[in-house]
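*Asks:* Got a file for you: data_19.txt, compact mmCIF, C-alpha atoms and all ligand atoms.
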# COMPACT_ATOMS: atom_id res chain seq x y z
CA MET A 1 -20.22 -12.92 14.55
CA LYS A 2 -16.83 -12.50 12.94
CA ILE A 3 -16.56 -9.98 10.13
CA THR A 4 -13.88 -9.96 7.45
CA VAL A 5 -12.79 -6.75 5.77
CA SER A 6 -10.99 -7.35 2.46
CA VAL A 7 -9.19 -4.72 0.42
CA ILE A 8 -8.16 -5.74 -3.11
CA LYS A 9 -6.71 -3.18 -5.52
CA ALA A 10 -5.29 -3.07 -9.02
CA ASP A 11 -4.33 -0.70 -11.80
CA VAL A 12 -6.22 -1.88 -14.87
CA GLY A 13 -6.10 1.28 -16.93
CA SER A 14 -6.05 5.02 -16.61
CA VAL A 15 -6.69 8.35 -18.27
CA GLY A 16 -3.92 10.64 -19.47
CA GLY A 17 -0.98 8.32 -18.71
CA HIS A 18 -0.69 6.57 -15.34
CA ASN A 19 -2.94 9.13 -13.62
CA ARG A 20 -6.40 7.93 -12.60
CA PRO A 21 -9.05 5.38 -13.66
CA SER A 22 -11.93 6.65 -15.82
CA GLU A 23 -15.42 7.14 -14.36
CA LYS A 24 -16.65 4.32 -16.61
CA LEU A 25 -13.97 1.95 -15.28
CA LEU A 26 -14.90 2.80 -11.68
CA ALA A 27 -18.61 2.32 -12.51
CA SER A 28 -17.79 -1.10 -13.96
CA LEU A 29 -16.01 -2.13 -10.72
CA HIS A 30 -18.97 -0.84 -8.71
CA ASN A 31 -21.55 -2.63 -10.85
CA HIS A 32 -19.69 -5.92 -10.72
CA LEU A 33 -19.61 -5.84 -6.91
CA LYS A 34 -23.24 -4.69 -6.76
CA GLN A 35 -24.41 -7.60 -8.91
CA ASN A 36 -22.72 -10.08 -6.59
CA ALA A 37 -23.12 -8.27 -3.27
CA GLN A 38 -26.27 -10.06 -2.18
CA ARG A 39 -24.66 -13.46 -2.67
CA LEU A 40 -21.25 -12.76 -1.15
CA LEU A 41 -20.85 -9.42 0.58
CA LYS A 42 -22.27 -7.54 3.54
CA ASP A 43 -21.19 -4.20 2.09
CA PHE A 44 -18.61 -2.63 -0.24
CA LYS A 45 -17.10 0.64 -1.43
CA VAL A 46 -15.08 1.37 -4.57
CA THR A 47 -12.38 4.05 -4.34
CA PHE A 48 -9.27 5.05 -6.26
CA THR A 49 -5.86 6.54 -5.46
CA GLY A 50 -3.86 7.73 -8.45
CA ASP A 51 -4.28 5.09 -11.18
CA ASP A 52 -5.33 2.27 -8.83
CA GLY A 53 -8.92 1.15 -8.33
CA CYS A 54 -9.61 -0.22 -4.85
CA LEU A 55 -12.36 -2.57 -3.64
CA LEU A 56 -13.24 -2.39 0.05
CA MET A 57 -15.50 -5.31 0.97
CA SER A 58 -17.04 -6.73 4.15
CA HIS A 59 -18.27 -10.31 4.47
CA THR A 60 -18.29 -13.31 6.78
CA LYS A 61 -16.16 -15.75 4.77
CA GLY A 62 -12.77 -15.17 6.41
CA VAL A 63 -9.50 -14.05 4.84
CA ASP A 64 -8.13 -15.63 1.65
CA HIS A 65 -11.59 -16.88 0.64
CA PRO A 66 -11.54 -18.06 -3.00
CA GLU A 67 -15.02 -16.69 -3.78
CA ILE A 68 -14.14 -13.20 -2.55
CA HIS A 69 -10.83 -13.20 -4.41
CA LYS A 70 -12.56 -14.49 -7.56
CA LEU A 71 -15.16 -11.74 -7.26
CA ALA A 72 -12.41 -9.10 -7.13
CA TRP A 73 -10.41 -10.73 -9.94
CA GLU A 74 -13.48 -10.86 -12.19
CA ALA A 75 -14.36 -7.24 -11.31
CA PHE A 76 -10.89 -6.22 -12.55
CA ILE A 77 -11.22 -8.42 -15.66
CA GLU A 78 -14.54 -6.71 -16.50
CA ALA A 79 -13.02 -3.28 -15.81
CA THR A 80 -10.13 -4.16 -18.14
CA LYS A 81 -12.66 -4.74 -20.93
CA VAL A 82 -13.99 -1.20 -20.31
CA ALA A 83 -10.42 0.15 -20.25
CA LYS A 84 -9.73 -1.50 -23.63
CA GLU A 85 -13.01 -0.23 -25.13
CA GLN A 86 -12.15 3.30 -24.00
CA GLY A 87 -8.50 3.06 -25.01
CA LEU A 88 -7.29 3.79 -21.49
CA TYR A 89 -3.57 3.61 -20.90
CA GLY A 90 -2.16 0.43 -19.34
CA ALA A 91 -5.40 -1.58 -19.73
CA GLY A 92 -5.14 -4.73 -17.60
CA GLN A 93 -1.64 -3.75 -16.46
CA ASP A 94 -1.74 -5.38 -13.01
CA LEU A 95 -3.43 -8.64 -14.08
CA LEU A 96 -0.26 -10.65 -14.59
CA LYS A 97 -1.72 -14.15 -14.91
CA ASP A 98 -4.26 -15.50 -17.39
CA ALA A 99 -6.16 -18.00 -15.28
CA PHE A 100 -7.44 -17.34 -11.77
CA SER A 101 -6.06 -19.84 -9.28
CA GLY A 102 -8.03 -19.24 -6.08
CA ASN A 103 -6.29 -16.20 -4.60
CA VAL A 104 -5.21 -12.86 -6.09
CA ARG A 105 -1.91 -12.94 -4.19
CA GLY A 106 0.92 -13.54 -6.63
CA MET A 107 -1.31 -12.63 -9.58
CA GLY A 108 -0.76 -8.87 -9.63
CA PRO A 109 -3.50 -7.18 -7.60
CA GLY A 110 -2.55 -6.08 -4.08
CA SER A 111 -4.62 -7.27 -1.14
CA CYS A 112 -4.87 -6.98 2.62
CA GLU A 113 -7.56 -8.52 4.77
CA MET A 114 -8.48 -8.90 8.42
CA GLU A 115 -11.07 -10.90 10.33
CA PHE A 116 -12.29 -9.77 13.74
CA GLU A 117 -15.16 -9.74 16.21
CA GLU A 118 -16.61 -6.22 15.83
CA ARG A 119 -16.33 -3.94 18.85
CA PRO A 120 -19.48 -1.91 19.68
CA SER A 121 -17.90 0.80 17.58
CA GLU A 122 -15.21 -0.26 15.12
CA PRO A 123 -13.22 2.61 13.57
CA LEU A 124 -10.82 1.78 10.73
CA VAL A 125 -8.53 3.65 8.36
CA LEU A 126 -7.85 2.52 4.79
CA PHE A 127 -4.53 3.88 3.54
CA ALA A 128 -3.78 3.66 -0.20
CA CYS A 129 -0.55 4.68 -1.94
CA ASP A 130 0.27 5.26 -5.57
CA LYS A 131 3.72 5.28 -7.24
CA THR A 132 5.54 3.47 -4.44
CA ASP A 133 6.04 0.01 -2.93
CA PRO A 134 4.76 -1.71 0.25
CA GLY A 135 7.86 -0.73 2.24
CA ALA A 136 6.44 2.82 2.20
CA PHE A 137 4.28 1.74 5.16
CA ASN A 138 7.23 0.53 7.30
CA TYR A 139 8.07 3.95 8.65
CA PRO A 140 4.57 5.20 9.60
CA ILE A 141 3.40 1.81 10.95
CA PHE A 142 6.54 1.24 13.03
CA ARG A 143 6.35 4.73 14.49
CA GLY A 144 2.56 4.82 14.89
CA PHE A 145 2.52 1.54 16.83
CA ALA A 146 5.88 1.60 18.61
CA ASP A 147 7.07 5.17 19.15
CA PRO A 148 5.67 7.30 22.01
CA PHE A 149 6.69 10.44 20.10
CA HIS A 150 3.70 9.67 17.84
CA ASN A 151 1.70 7.21 19.88
CA ALA A 152 1.20 8.90 23.24
CA GLY A 153 -1.08 6.01 24.19
CA LEU A 154 1.98 3.82 24.71
CA LEU A 155 2.66 5.97 27.79
CA LEU A 156 -0.86 7.05 28.71
CA ALA A 157 -3.12 4.07 27.94
CA PRO A 158 -2.42 0.92 30.03
CA ASP A 159 -3.88 -1.37 27.32
CA MET A 160 -1.15 -0.33 24.90
CA ALA A 161 1.78 -0.32 27.35
CA VAL A 162 2.36 -4.04 26.70
CA GLY A 163 3.14 -3.20 23.06
CA PHE A 164 2.39 -4.84 19.73
CA GLU A 165 3.38 -7.95 17.80
CA PHE A 166 4.63 -7.40 14.24
CA THR A 167 4.81 -9.95 11.43
CA ILE A 168 7.50 -8.86 8.98
CA MET A 169 7.91 -10.40 5.53
CA ASP A 170 11.10 -10.91 3.52
CA VAL A 171 9.64 -9.77 0.18
CA ASN A 172 12.75 -10.78 -1.78
CA TYR A 173 12.05 -14.44 -1.03
CA THR A 174 9.84 -15.69 -3.87
CA GLU A 175 9.50 -19.44 -3.09
CA GLY A 176 6.79 -18.75 -0.51
CA ASP A 177 6.07 -16.52 2.49
CA ARG A 178 9.23 -15.98 4.59
CA VAL A 179 8.22 -14.15 7.78
CA ILE A 180 9.51 -13.28 11.23
CA VAL A 181 7.38 -12.35 14.26
CA LEU A 182 8.82 -9.70 16.61
CA SER A 183 7.31 -7.73 19.46
CA THR A 184 7.73 -4.25 20.85
CA PRO A 185 9.07 -3.05 23.17
CA GLU A 186 11.63 -5.87 23.64
CA ASN A 187 12.51 -6.44 19.94
CA TYR A 188 12.48 -2.75 19.03
CA TYR A 189 16.10 -2.63 17.79
CA ASP A 190 15.75 -5.95 15.90
CA MET A 191 12.76 -4.50 14.11
CA ALA A 192 14.61 -1.27 13.40
CA VAL A 193 17.43 -3.06 11.53
CA LEU A 194 14.92 -4.90 9.34
CA LEU A 195 12.41 -2.13 8.69
CA ARG A 196 15.09 0.43 7.78
CA ASP A 197 15.42 -1.63 4.56
CA PRO A 198 11.88 -1.23 3.20
CA GLU A 199 12.56 -2.79 -0.22
CA HIS A 200 13.51 -6.07 1.48
CA TYR A 201 11.59 -6.34 4.76
CA VAL A 202 7.98 -5.20 4.95
CA VAL A 203 5.47 -5.08 7.81
CA GLU A 204 2.71 -7.51 6.87
CA SER A 205 0.52 -7.24 9.97
CA VAL A 206 0.35 -5.99 13.55
CA LYS A 207 -1.49 -7.44 16.57
CA ALA A 208 -2.32 -5.88 19.96
CA ARG A 209 -0.51 -7.89 22.63
CA SER A 210 -3.09 -6.86 25.24
CA THR A 211 -5.93 -8.74 23.52
CA GLY A 212 -4.35 -10.67 20.63
CA ASP A 213 -6.56 -8.72 18.21
CA VAL A 214 -5.40 -7.92 14.69
CA ALA A 215 -4.59 -4.20 14.48
CA ALA A 216 -3.19 -3.64 10.99
CA VAL A 217 -2.63 -5.46 7.69
CA VAL A 218 -0.59 -4.32 4.68
CA SER A 219 -0.50 -5.60 1.08
CA THR A 220 2.99 -6.99 0.55
CA SER A 221 3.03 -7.96 -3.14
CA ARG A 222 6.02 -6.83 -5.19
CA LEU A 223 5.07 -6.87 -8.86
CA HIS A 224 8.62 -7.04 -10.15
CA ASN A 225 9.19 -10.17 -8.08
CA ILE A 226 6.07 -11.76 -9.61
CA ALA A 227 6.60 -10.72 -13.23
CA GLY A 228 10.41 -10.72 -13.15
CA LYS A 229 10.33 -7.34 -14.92
CA TYR A 230 8.85 -3.88 -14.55
CA THR A 231 5.07 -3.90 -14.70
CA GLY A 232 4.24 -0.81 -12.64
CA LYS A 233 4.87 -0.03 -9.01
CA ASP A 234 3.06 -2.06 -6.33
CA ASP A 235 1.07 0.85 -4.95
CA PRO A 236 0.24 -0.77 -1.60
CA VAL A 237 -2.84 -0.55 0.64
CA ALA A 238 -3.09 -0.92 4.42
CA LEU A 239 -6.01 -1.29 6.79
CA VAL A 240 -5.65 -0.19 10.42
CA ARG A 241 -8.10 -0.55 13.34
CA THR A 242 -7.92 2.41 15.69
CA GLN A 243 -8.89 3.58 19.22
CA LYS A 244 -9.11 1.79 22.62
CA GLN A 245 -6.56 -1.08 22.57
CA PHE A 246 -5.14 0.32 19.31
CA PRO A 247 -3.50 3.69 18.59
CA SER A 248 -5.99 6.52 18.10
CA THR A 249 -6.72 7.61 14.53
CA GLY A 250 -4.62 10.74 15.07
CA GLU A 251 -1.69 8.73 16.46
CA ILE A 252 -1.74 6.50 13.40
CA LEU A 253 -1.81 9.56 11.11
CA SER A 254 0.93 11.42 13.00
CA PRO A 255 4.01 9.79 11.35
CA TYR A 256 2.74 10.79 7.88
CA ALA A 257 3.59 14.38 8.86
CA THR A 258 7.26 13.45 8.27
CA ALA A 259 6.50 13.08 4.55
CA HIS A 260 9.29 10.48 4.59
CA TYR A 261 11.27 9.58 1.49
CA VAL A 262 10.20 6.45 -0.41
CA VAL A 263 11.22 4.60 -3.57
CA GLY A 264 8.89 5.09 -6.53
CA ASP A 265 7.66 8.10 -8.49
CA ASN A 266 8.75 8.35 -12.14
CA ARG A 267 9.42 4.94 -13.70
CA GLY A 268 9.30 3.50 -10.17
CA SER A 269 12.98 4.36 -9.89
CA HIS A 270 13.37 7.56 -7.88
CA ILE A 271 13.37 8.72 -4.29
CA VAL A 272 10.67 11.24 -3.36
CA SER A 273 8.77 12.39 -0.32
CA LEU A 274 5.45 10.57 0.32
CA MET A 275 2.73 13.24 0.07
CA PRO A 276 -0.44 12.75 2.20
CA CYS A 277 -3.23 13.69 -0.24
CA LYS A 278 -6.97 14.11 -0.24
CA GLN A 279 -8.97 11.17 -1.55
CA ASN A 280 -9.29 10.87 -5.32
CA ALA A 281 -5.90 12.54 -5.69
CA ILE A 282 -4.34 12.16 -9.12
CA ILE A 283 -0.74 11.82 -10.29
CA SER A 284 1.03 14.70 -11.94
CA PHE A 285 4.56 16.08 -11.35
CA PHE A 286 7.27 13.70 -12.65
CA ASP A 287 4.66 10.90 -12.75
CA GLY A 288 4.23 11.46 -9.05
CA PRO A 289 4.86 12.48 -6.45
CA ALA A 290 4.29 9.25 -4.53
CA ILE A 291 1.02 9.79 -2.70
CA VAL A 292 -0.91 8.30 0.22
CA THR A 293 -4.61 8.78 0.99
CA ALA A 294 -6.43 7.91 4.24
CA MET A 295 -10.12 7.06 4.42
CA GLY A 296 -11.64 6.75 7.90
CA PHE A 297 -14.91 4.92 8.56
CA CYS A 298 -16.66 2.64 11.06
CA ILE A 299 -18.13 -0.78 10.43
CA HIS A 300 -21.22 -2.02 12.29
CA ASN A 301 -22.83 -5.44 11.69
CA GLY A 302 -20.68 -5.59 8.57
CA ILE A 303 -22.07 -2.32 7.17
CA PHE A 304 -19.74 0.59 6.45
CA THR A 305 -20.63 4.08 7.60
CA GLU A 306 -19.98 7.05 5.37
CA SER A 307 -16.30 7.84 5.21
CA VAL A 308 -14.16 10.78 6.28
CA ASP A 309 -11.22 12.00 4.21
CA LEU A 310 -8.53 12.16 6.90
CA PHE A 311 -5.93 14.17 4.96
CA ASP A 312 -8.56 16.76 3.90
CA GLN A 313 -7.84 19.13 6.78
CA PRO A 314 -5.84 22.41 6.79
CA PHE A 315 -2.99 20.87 8.84
CA TRP A 316 -2.08 18.61 5.93
CA ASP A 317 -1.78 21.55 3.50
CA MET A 318 1.41 22.48 5.34
CA ILE A 319 2.64 18.88 5.09
CA ARG A 320 1.81 18.75 1.37
CA ASN A 321 3.96 21.88 0.87
CA LYS A 322 6.72 20.31 2.93
CA ALA A 323 6.49 17.11 0.86
CA ALA A 324 6.71 19.11 -2.38
CA GLU A 325 9.77 20.96 -1.05
CA LYS A 326 11.46 17.75 0.11
CA THR A 327 10.78 16.22 -3.30
CA MET A 328 12.19 19.27 -5.10
CA HIS A 329 15.33 19.22 -2.94
CA ILE A 330 16.13 15.68 -4.06
CA ARG A 331 14.81 16.14 -7.62
CA ASP A 332 17.30 19.00 -8.01
CA GLN A 333 20.06 16.41 -8.24
CA GLY A 334 18.19 14.39 -10.88
CA PHE A 335 19.56 10.89 -11.15
CA PHE A 336 22.75 11.34 -9.13
CA GLY A 337 23.47 9.24 -6.04
CA ALA A 338 20.63 9.10 -3.53
CA ALA A 339 18.12 10.72 -5.94
CA MET A 340 17.68 7.52 -7.94
CA ALA A 341 16.67 4.14 -6.48
CA PRO A 342 19.42 1.55 -5.82
CA MET A 343 20.42 -0.61 -8.84
CA GLU A 344 18.31 -3.63 -7.85
CA GLU A 345 15.21 -1.40 -7.54
CA LEU A 346 15.53 0.29 -10.95
CA GLU A 347 12.29 -0.72 -12.61
CA TYR A 348 13.45 -0.26 -16.19
CA THR A 349 16.47 -2.08 -17.63
CA GLY A 350 18.15 0.82 -19.51
CA VAL A 351 20.81 1.67 -16.92
CA VAL A 352 21.71 -1.96 -16.26
CA GLU A 353 22.01 -2.78 -19.99
CA ARG A 354 24.15 0.27 -20.70
CA ILE A 355 26.49 -0.58 -17.82
CA LYS A 356 26.84 -4.13 -19.19
CA LEU A 357 28.01 -2.72 -22.54
CA LEU A 358 30.37 -0.22 -20.92
CA ASP A 359 31.75 -2.89 -18.63
CA LYS A 360 33.40 -4.63 -21.63
CA LYS A 361 35.28 -1.41 -22.45
CA PHE A 362 36.90 -1.05 -19.01
CA ILE A 363 40.65 -1.75 -18.93
CA ILE A 364 42.84 -2.61 -15.97
CA ARG A 365 45.81 -0.26 -16.04
CA LYS A 366 49.19 -1.97 -15.57
C1 LIG B 401 5.67 4.82 -12.27
C2 LIG B 401 4.85 4.93 -13.47
C3 LIG B 401 5.28 5.84 -14.56
C4 LIG B 401 5.71 5.06 -15.79
C5 LIG B 401 6.10 6.02 -16.93
C6 LIG B 401 6.42 5.30 -18.22
O1 LIG B 401 5.19 3.83 -11.42
O2 LIG B 401 3.86 4.26 -13.61
O3 LIG B 401 6.30 6.71 -14.16
O4 LIG B 401 6.78 4.22 -15.48
O5 LIG B 401 5.04 6.91 -17.19
O6 LIG B 401 5.37 4.45 -18.50
P1 LIG B 401 5.37 3.40 -19.70
O7 LIG B 401 6.56 2.50 -19.52
O8 LIG B 401 4.05 2.73 -19.55
O9 LIG B 401 5.46 4.26 -20.95
MG MG B 402 0.11 2.43 -13.20
MG MG B 403 -0.61 2.89 -9.50
Here is the file; what I need is its structure written in the form of structure tokens.

*Replies:*
Amino acid sequence: MKITVSVIKADVGSVGGHNRPSEKLLASLHNHLKQNAQRLLKDFKVTFTGDDGCLLMSHTKGVDHPEIHKLAWEAFIEATKVAKEQGLYGAGQDLLKDAFSGNVRGMGPGSCEMEFEERPSEPLVLFACDKTDPGAFNYPIFRGFADPFHNAGLLLAPDMAVGFEFTIMDVNYTEGDRVIVLSTPENYYDMAVLLRDPEHYVVESVKARSTGDVAAVVSTSRLHNIAGKYTGKDDPVALVRTQKQFPSTGEILSPYATAHYVVGDNRGSHIVSLMPCKQNAIISFFDGPAIVTAMGFCIHNGIFTESVDLFDQPFWDMIRNKAAEKTMHIRDQGFFGAAMAPMEELEYTGVVERIKLLDKKFIIRK
């Protein structure tokens, strides 16, 4: 039997600024899924990362199923009512459309889903970021699947030696889904030139070439491309299958030790280091830093095991310090040059409007 795992997340209100959902809001998400679980779901979990609530659901309806997407949409609508009652900040922020039209994609919430035939043991990792955009996953996914410095299995495990197939999306194209399919190892340099530009080209999914099985999926929605203005950062999620024909859990985690620089943080407009945090991490310094959490679990007959918090381990304390230091190094130069996001990524209009006014005052010296 094929199982589908769907992850749908949204920021519909938070406590103390853009920091974390309230307990009541999370309980509302949980209750909504619980009421409908028997009808639609095999199992579910509700988590949060920073100010984003996240629904992890298993079922047998396949990806992009309208009933599953409607369930998630309505869960976030109900949670928005709670957020309004409680006076939470940014109530309903990510619900950008009024009427549900069959799929949450293009409506604000982020989603990633995969359908597969369960292996006898099926380990997965759910990554969730806050205060950054989907391109944040380019670096760790590219390196975790394609670089033997992180993925020793590419050299040591024959199943992986044939490489992986990547679907990459042009997220600036808004008329529909513009994608390219490239495979490692032969298209490695082609992929490098695209993925180095994470605000434009984003890994959408990865497949194992040895078996054709889906290995990873990433939410690719860019809120400012949907709303045409700043409505909060996209705060992406990714789901990765691990072990055997896929990288091991540790190989997939390894690139996060770089604490690479991403666009996001305060007003979605700065460059900071992505900090691997324990689950239920909140947002603090400079409305950031940009964070990523990793929840490991197995699924069996559609039922989730308990989960393990993969960044809750002493090794990552050192990386968290490194991430804070990297962030402080770039924060020291405030808004100058590389410290602030490129013009087209500035999520508030102040700079652009001011430059427009100043532009009229420029003179061309004779
Ligand atoms: C970044 C973020 C925050 C807000 C900032 C101002 O993604 O959510 O940095 O941009 O706190 O928020 P508003 O515009 O809601 O006052
Ligand atoms: Mg927010
Ligand atoms: Mg958020």

*Asks:* Of the candidates A:Lys131, A:Arg365, A:Arg331, A:Arg119, which one gets nearest to ligand MG 402 (chain B) if we count all atoms listed in the file?

*Replies:*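 Of A:Lys131, A:Arg365, A:Arg331, A:Arg119, the one nearest ligand MG 402 (chain B) is A:Lys131, counting all atoms listed in the file.
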
*Asks:* Let me have all residues with an atom within 12 Å of ligand MG 402 (chain B), counting all atoms listed in the file, laid out as a PyMOL selection string.

*Replies:* chain A and resi 9-21+48-53+88-95+108-109+129-132+223+230-235+264-268+282-283+287-288+290

*Asks:* One decimal, Å: what's the distance from CA of Leu358 in chain A over to CA of Pro342 in chain A, could you say?

*Replies:*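 Separation between CA of Leu358 in chain A and CA of Pro342 in chain A: 18.7 Å.
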
*Asks:* Compare A:Glu306, A:Asn138, A:Gly212, A:Asp133 by their minimum atom-to-atom distance to ligand LIG 401 (chain B), counting only C-alpha atoms and all ligand atoms, and give me the closest one.

*Replies:*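 With only C-alpha atoms and all ligand atoms as the atom set, the closest residue is A:Asp133.
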
*Asks:* Just the number, please: distance in Å from CA of Pro289 in chain A to CA of Ile77 in chain A, one decimal.

*Replies:*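 Those two atoms sit 27.9 Å apart.
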
*Asks:* For range 150-157 of chain A, find every residue with an atom within 12 Å (counting only C-alpha atoms), except residues of its own chain fewer than 6 positions away, and show them as a ChimeraX atom specification.

*Replies:* /A:139-144,163-164,184-185,208,210,242-258

*Asks:* Measure the distance from CA of Val217 in chain A to CA of Ser22 in chain A in Å and round it to one decimal.

*Replies:*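 Interatomic distance here is 28.0 Å.
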
*Asks:* Between range 110-161 of chain A and range 65-71 of chain A, at 12 Å or less, what are the per-residue closest atom pairs and their distances in Å? Count only C-alpha atoms, order by chain and rising residue number, and return it as CSV.

*Replies:*
residue,atom,partner,partner_atom,distance
A:Gly110,CA,A:His69,CA,10.9
A:Ser111,CA,A:His69,CA,9.2
A:Cys112,CA,A:His69,CA,11.1
A:Glu113,CA,A:His65,CA,10.2
A:Met114,CA,A:His65,CA,11.6
A:Glu115,CA,A:His65,CA,11.4

*Asks:* Nearest to ligand MG 403 (chain B): which of A:Lys61, A:His32, A:His270, A:Cys54 is it, counting all atoms listed in the file?

*Replies:* A:Cys54

*Asks:* If you count all atoms listed in the file, which residues fall within 7 Å of Val240 in chain A, apart from same-chain ones fewer than 2 positions away, as a count of residues only?

*Replies:* 8

*Asks:* Between A:Gln313, A:Ala99, A:Met295, A:Tyr261, which is the closest to Ala338 in chain A once you count all atoms listed in the file?

*Replies:*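 Residue with the minimum atom-to-atom distance to Ala338 in chain A: A:Tyr261.
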
*Asks:* May I have the residues within 12 Å of range 34-36 of chain A as a PyMOL selection string, using all atoms listed in the file and disregarding those fewer than 6 positions away in the same chain?

*Replies:* chain A and resi 27-28+42-46+55+57+59+67-68+70-72+74-75

*Asks:* I'd like the neighbourhood of Val181 in chain A as a list in words, where a residue qualifies if any of its atoms comes within 8 Å (using all atoms listed in the file), though same-chain residues fewer than 2 positions away should be ignored.

*Replies:*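 Counting all atoms listed in the file, the residues come to Glu165, Phe166, Thr167, Ile168, Val179 and Ser183 of chain A.
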
*Asks:* Tell me which of A:Ala161, A:Pro236, A:Asp213, A:Thr4 sits closest to ligand MG 403 (chain B), counting all atoms listed in the file.

*Replies:*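 Once distances to ligand MG 403 (chain B) are computed over all atoms listed in the file, the minimum belongs to A:Pro236.
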
*Asks:* Return as AutoDock Vina command-line options the centre and edge lengths, in Å with one decimal, of the box along x, y and z that encloses every atom of ligand LIG 401 (chain B) in the file, padded by 6 Å per side.

*Replies:*
--center_x 5.3 --center_y 4.7 --center_z -16.2 --size_x 14.9 --size_y 16.4 --size_z 21.5
